[in-house]
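These notes are about the structure you will find just below.
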Amino acid sequence: MMRYIVIYAVVAFGLTACTYPKPVSVEQAMAQCTERARAAVKPDVSVGVGIGVGHKVRTGVGIGIGMSTDYLKGTDPYEVYETCVVAKSGVKPTAPLEL
């Protein structure tokens, strides 16, 4: 019986250790969160044109639009930045957000 308790405790500890991401440095968090804050300001739009030559000439046009949930909710990008940095690093940003 005691052996099962020890095995259960080891497995439970191992699973909880896997579920919590390790904090990153505040500098890494600020770099990652700057992109997330920028996505809260405006949608990301991309346009691509391609031409291929082989046995047949092929052309292609592509348009992509991406919108973050923060943009759709109208969340303040400065709030997104600070919340994100604290969540990733555990400390407040050491530099303000530059958009």
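Residues are named by chain letter and number: chains run A, B, ... in the order of the structure tokens, numbers start at 1 in each chain, and ligands are numbered from 1 in the order shown.
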
I want to know what sits within 10 Å of range 61-72 of chain A, based on only C-alpha atoms, with residues of the same chain fewer than 6 positions away left out; could you give that as a JSON list (two decimals) with N, CA and C atoms, in the first residue's frame?
[["chain", "number", "residue", "atom", "x", "y", "z"],
["A", 36, "ARG", "N", 2.93, 40.67, -29.36],
["A", 36, "ARG", "CA", 1.54, 40.44, -28.98],
["A", 36, "ARG", "C", 0.80, 41.77, -28.80],
["A", 37, "ALA", "N", 1.47, 42.76, -28.21],
["A", 37, "ALA", "CA", 0.85, 44.07, -28.02],
["A", 37, "ALA", "C", 0.61, 44.75, -29.36],
["A", 38, "ARG", "N", 1.55, 44.61, -30.29],
["A", 38, "ARG", "CA", 1.36, 45.19, -31.63],
["A", 38, "ARG", "C", 0.18, 44.56, -32.34],
["A", 39, "ALA", "N", -0.04, 43.27, -32.12],
["A", 39, "ALA", "CA", -1.18, 42.59, -32.73],
["A", 39, "ALA", "C", -2.50, 43.09, -32.16],
["A", 40, "ALA", "N", -2.46, 43.69, -30.96],
["A", 40, "ALA", "CA", -3.68, 44.23, -30.36],
["A", 40, "ALA", "C", -4.04, 45.59, -30.93],
["A", 41, "VAL", "N", -3.12, 46.21, -31.68],
["A", 41, "VAL", "CA", -3.35, 47.54, -32.23],
["A", 41, "VAL", "C", -4.07, 47.49, -33.57],
["A", 42, "LYS", "N", -3.66, 46.56, -34.44],
["A", 42, "LYS", "CA", -4.25, 46.50, -35.78],
["A", 42, "LYS", "C", -4.15, 45.07, -36.32],
["A", 43, "PRO", "N", -5.00, 44.74, -37.30],
["A", 43, "PRO", "CA", -4.91, 43.41, -37.89],
["A", 43, "PRO", "C", -3.63, 43.26, -38.72],
["A", 44, "ASP", "N", -3.19, 42.03, -38.87],
["A", 44, "ASP", "CA", -2.01, 41.72, -39.67],
["A", 44, "ASP", "C", -2.48, 41.34, -41.07],
["A", 45, "VAL", "N", -2.09, 42.12, -42.07],
["A", 45, "VAL", "CA", -2.52, 41.88, -43.45],
["A", 45, "VAL", "C", -1.28, 41.58, -44.29],
["A", 46, "SER", "N", -1.38, 40.52, -45.09],
["A", 46, "SER", "CA", -0.27, 40.20, -45.98],
["A", 46, "SER", "C", -0.81, 39.87, -47.37],
["A", 47, "VAL", "N", -0.05, 40.27, -48.39],
["A", 47, "VAL", "CA", -0.41, 40.03, -49.77],
["A", 47, "VAL", "C", 0.79, 39.40, -50.46],
["A", 48, "GLY", "N", 0.53, 38.36, -51.25],
["A", 48, "GLY", "CA", 1.62, 37.71, -51.97],
["A", 48, "GLY", "C", 1.24, 37.44, -53.41],
["A", 49, "VAL", "N", 2.23, 37.57, -54.29],
["A", 49, "VAL", "CA", 2.04, 37.30, -55.71],
["A", 49, "VAL", "C", 3.17, 36.38, -56.14],
["A", 50, "GLY", "N", 2.84, 35.36, -56.90],
["A", 50, "GLY", "CA", 3.87, 34.44, -57.36],
["A", 50, "GLY", "C", 3.68, 34.04, -58.80],
["A", 51, "ILE", "N", 4.81, 33.81, -59.48],
["A", 51, "ILE", "CA", 4.78, 33.35, -60.86],
["A", 51, "ILE", "C", 5.75, 32.17, -60.96],
["A", 80, "VAL", "N", -1.93, 44.71, -22.42],
["A", 80, "VAL", "CA", -1.56, 43.40, -22.98],
["A", 80, "VAL", "C", -0.08, 43.15, -22.74]]

So that I can see what lies close to Ser25 in chain A, please list as a list of chain:residue names the residues with an atom at most 12 Å from it, counting only C-alpha atoms and leaving out residues fewer than 6 positions away in the same chain.
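Residues meeting the cut-off are A:Ala31, A:Gln32, A:Val85, A:Val86, A:Ala87, A:Lys88, A:Ser89, A:Gly90, A:Val91, A:Lys92, A:Pro93, A:Thr94.
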
Selection export as a PDB file, in the first residue's frame, atoms kept: N, CA and C atoms:
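Heads up, here's the output in part.pdb:
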ATOM      1  N   ALA A  31      10.421  41.056 -25.415  1.00  0.00           N
ATOM      2  CA  ALA A  31      10.497  40.916 -26.875  1.00  0.00           C
ATOM      3  C   ALA A  31       9.286  40.159 -27.411  1.00  0.00           C
ATOM      4  N   GLN A  32       8.928  39.059 -26.759  1.00  0.00           N
ATOM      5  CA  GLN A  32       7.782  38.266 -27.193  1.00  0.00           C
ATOM      6  C   GLN A  32       6.478  39.037 -27.022  1.00  0.00           C
ATOM      7  N   VAL A  85       4.164  40.179 -20.014  1.00  0.00           N
ATOM      8  CA  VAL A  85       5.517  40.117 -19.456  1.00  0.00           C
ATOM      9  C   VAL A  85       5.491  39.517 -18.055  1.00  0.00           C
ATOM     10  N   VAL A  86       4.550  39.929 -17.238  1.00  0.00           N
ATOM     11  CA  VAL A  86       4.446  39.390 -15.876  1.00  0.00           C
ATOM     12  C   VAL A  86       4.132  37.897 -15.915  1.00  0.00           C
ATOM     13  N   ALA A  87       3.245  37.492 -16.826  1.00  0.00           N
ATOM     14  CA  ALA A  87       2.880  36.073 -16.923  1.00  0.00           C
ATOM     15  C   ALA A  87       4.067  35.216 -17.374  1.00  0.00           C
ATOM     16  N   LYS A  88       4.894  35.735 -18.262  1.00  0.00           N
ATOM     17  CA  LYS A  88       6.013  34.954 -18.796  1.00  0.00           C
ATOM     18  C   LYS A  88       7.255  34.977 -17.918  1.00  0.00           C
ATOM     19  N   SER A  89       7.515  36.124 -17.259  1.00  0.00           N
ATOM     20  CA  SER A  89       8.765  36.255 -16.508  1.00  0.00           C
ATOM     21  C   SER A  89       8.576  36.309 -14.996  1.00  0.00           C
ATOM     22  N   GLY A  90       7.391  36.694 -14.569  1.00  0.00           N
ATOM     23  CA  GLY A  90       7.145  36.811 -13.133  1.00  0.00           C
ATOM     24  C   GLY A  90       7.449  38.189 -12.573  1.00  0.00           C
ATOM     25  N   VAL A  91       7.952  39.097 -13.411  1.00  0.00           N
ATOM     26  CA  VAL A  91       8.260  40.460 -12.966  1.00  0.00           C
ATOM     27  C   VAL A  91       7.709  41.459 -13.975  1.00  0.00           C
ATOM     28  N   LYS A  92       7.581  42.713 -13.534  1.00  0.00           N
ATOM     29  CA  LYS A  92       7.083  43.767 -14.421  1.00  0.00           C
ATOM     30  C   LYS A  92       8.155  44.137 -15.453  1.00  0.00           C
ATOM     31  N   PRO A  93       7.730  44.669 -16.599  1.00  0.00           N
ATOM     32  CA  PRO A  93       8.708  45.064 -17.619  1.00  0.00           C
ATOM     33  C   PRO A  93       9.653  46.130 -17.105  1.00  0.00           C
ATOM     34  N   THR A  94      10.889  46.072 -17.581  1.00  0.00           N
ATOM     35  CA  THR A  94      11.905  47.055 -17.183  1.00  0.00           C
ATOM     36  C   THR A  94      11.988  48.205 -18.167  1.00  0.00           C
TER      37      THR A  94
END

I'd like to know which residues of chain A are strand (DSSP E or B) (by DSSP, run on the backbone); could you write them as a ChimeraX atom specification?
/A:44-52,58-66

Using only C-alpha atoms, which of the listed residues (A:Thr83, A:Gly74, A:Lys56, A:Leu99) sits closest to Ala29 in chain A?
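Among A:Thr83, A:Gly74, A:Lys56, A:Leu99, it is A:Thr83 that comes nearest to Ala29 in chain A.
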
Hey, can you check how far CA of Pro96 in chain A sits from CA of Lys73 in chain A?
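Value for the CA of Pro96 in chain A-CA of Lys73 in chain A distance: 22.3 Å.
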
Report the distance between CA of Ile7 in chain A and CA of Pro23 in chain A in Å, rounded to one decimal place.
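Atom-to-atom, CA of Ile7 in chain A to CA of Pro23 in chain A, that is 27.9 Å.
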
In Å, how far is it from CA of Glu98 in chain A to CA of Glu82 in chain A?
12.1 Å

From a DSSP calculation on the backbone, collect every residue of chain A in helix (DSSP H, G or I) and output the set as a VMD selection string.
chain A and resid 2 to 19 26 to 39 69 to 73 77 to 89

Save the residues we just selected, C-alpha atoms, as an mmCIF file, in the first residue's frame?
data_model
loop_
_atom_site.group_PDB
_atom_site.id
_atom_site.type_symbol
_atom_site.label_atom_id
_atom_site.label_comp_id
_atom_site.auth_asym_id
_atom_site.auth_seq_id
_atom_site.Cartn_x
_atom_site.Cartn_y
_atom_site.Cartn_z
ATOM 1 C CA MET A 2 2.754 2.429 0.934
ATOM 2 C CA ARG A 3 4.508 1.699 -2.351
ATOM 3 C CA TYR A 4 1.423 2.811 -4.315
ATOM 4 C CA ILE A 5 1.252 6.063 -2.381
ATOM 5 C CA VAL A 6 4.900 6.802 -3.145
ATOM 6 C CA ILE A 7 4.412 5.971 -6.844
ATOM 7 C CA TYR A 8 1.298 8.154 -6.980
ATOM 8 C CA ALA A 9 3.150 11.050 -5.328
ATOM 9 C CA VAL A 10 6.067 10.791 -7.771
ATOM 10 C CA VAL A 11 3.737 10.653 -10.791
ATOM 11 C CA ALA A 12 1.646 13.568 -9.506
ATOM 12 C CA PHE A 13 4.758 15.668 -8.891
ATOM 13 C CA GLY A 14 6.078 14.834 -12.360
ATOM 14 C CA LEU A 15 2.820 15.849 -14.005
ATOM 15 C CA THR A 16 2.606 19.149 -12.147
ATOM 16 C CA ALA A 17 6.214 19.933 -13.029
ATOM 17 C CA CYS A 18 5.341 19.473 -16.706
ATOM 18 C CA THR A 19 2.271 21.717 -16.646
ATOM 19 C CA VAL A 26 12.318 39.667 -18.537
ATOM 20 C CA GLU A 27 14.170 40.683 -21.719
ATOM 21 C CA GLN A 28 12.872 37.625 -23.616
ATOM 22 C CA ALA A 29 9.376 38.192 -22.280
ATOM 23 C CA MET A 30 9.437 41.846 -23.330
ATOM 24 C CA ALA A 31 10.497 40.916 -26.875
ATOM 25 C CA GLN A 32 7.782 38.266 -27.193
ATOM 26 C CA CYS A 33 5.102 40.440 -25.633
ATOM 27 C CA THR A 34 5.896 43.452 -27.814
ATOM 28 C CA GLU A 35 4.694 41.453 -30.817
ATOM 29 C CA ARG A 36 1.537 40.441 -28.983
ATOM 30 C CA ALA A 37 0.853 44.071 -28.023
ATOM 31 C CA ARG A 38 1.363 45.192 -31.635
ATOM 32 C CA ALA A 39 -1.178 42.590 -32.730
ATOM 33 C CA THR A 69 -8.392 38.261 -29.799
ATOM 34 C CA ASP A 70 -6.945 41.284 -27.977
ATOM 35 C CA TYR A 71 -7.607 43.395 -31.098
ATOM 36 C CA LEU A 72 -11.147 42.048 -31.418
ATOM 37 C CA LYS A 73 -11.881 42.781 -27.738
ATOM 38 C CA PRO A 77 -1.945 47.223 -25.975
ATOM 39 C CA TYR A 78 -0.029 48.579 -22.956
ATOM 40 C CA GLU A 79 -2.140 46.389 -20.682
ATOM 41 C CA VAL A 80 -1.559 43.403 -22.984
ATOM 42 C CA TYR A 81 2.201 44.052 -22.839
ATOM 43 C CA GLU A 82 2.471 44.341 -19.062
ATOM 44 C CA THR A 83 0.183 41.388 -18.333
ATOM 45 C CA CYS A 84 2.056 39.230 -20.837
ATOM 46 C CA VAL A 85 5.517 40.117 -19.456
ATOM 47 C CA VAL A 86 4.446 39.390 -15.876
ATOM 48 C CA ALA A 87 2.880 36.073 -16.923
ATOM 49 C CA LYS A 88 6.013 34.954 -18.796
ATOM 50 C CA SER A 89 8.765 36.255 -16.508
#
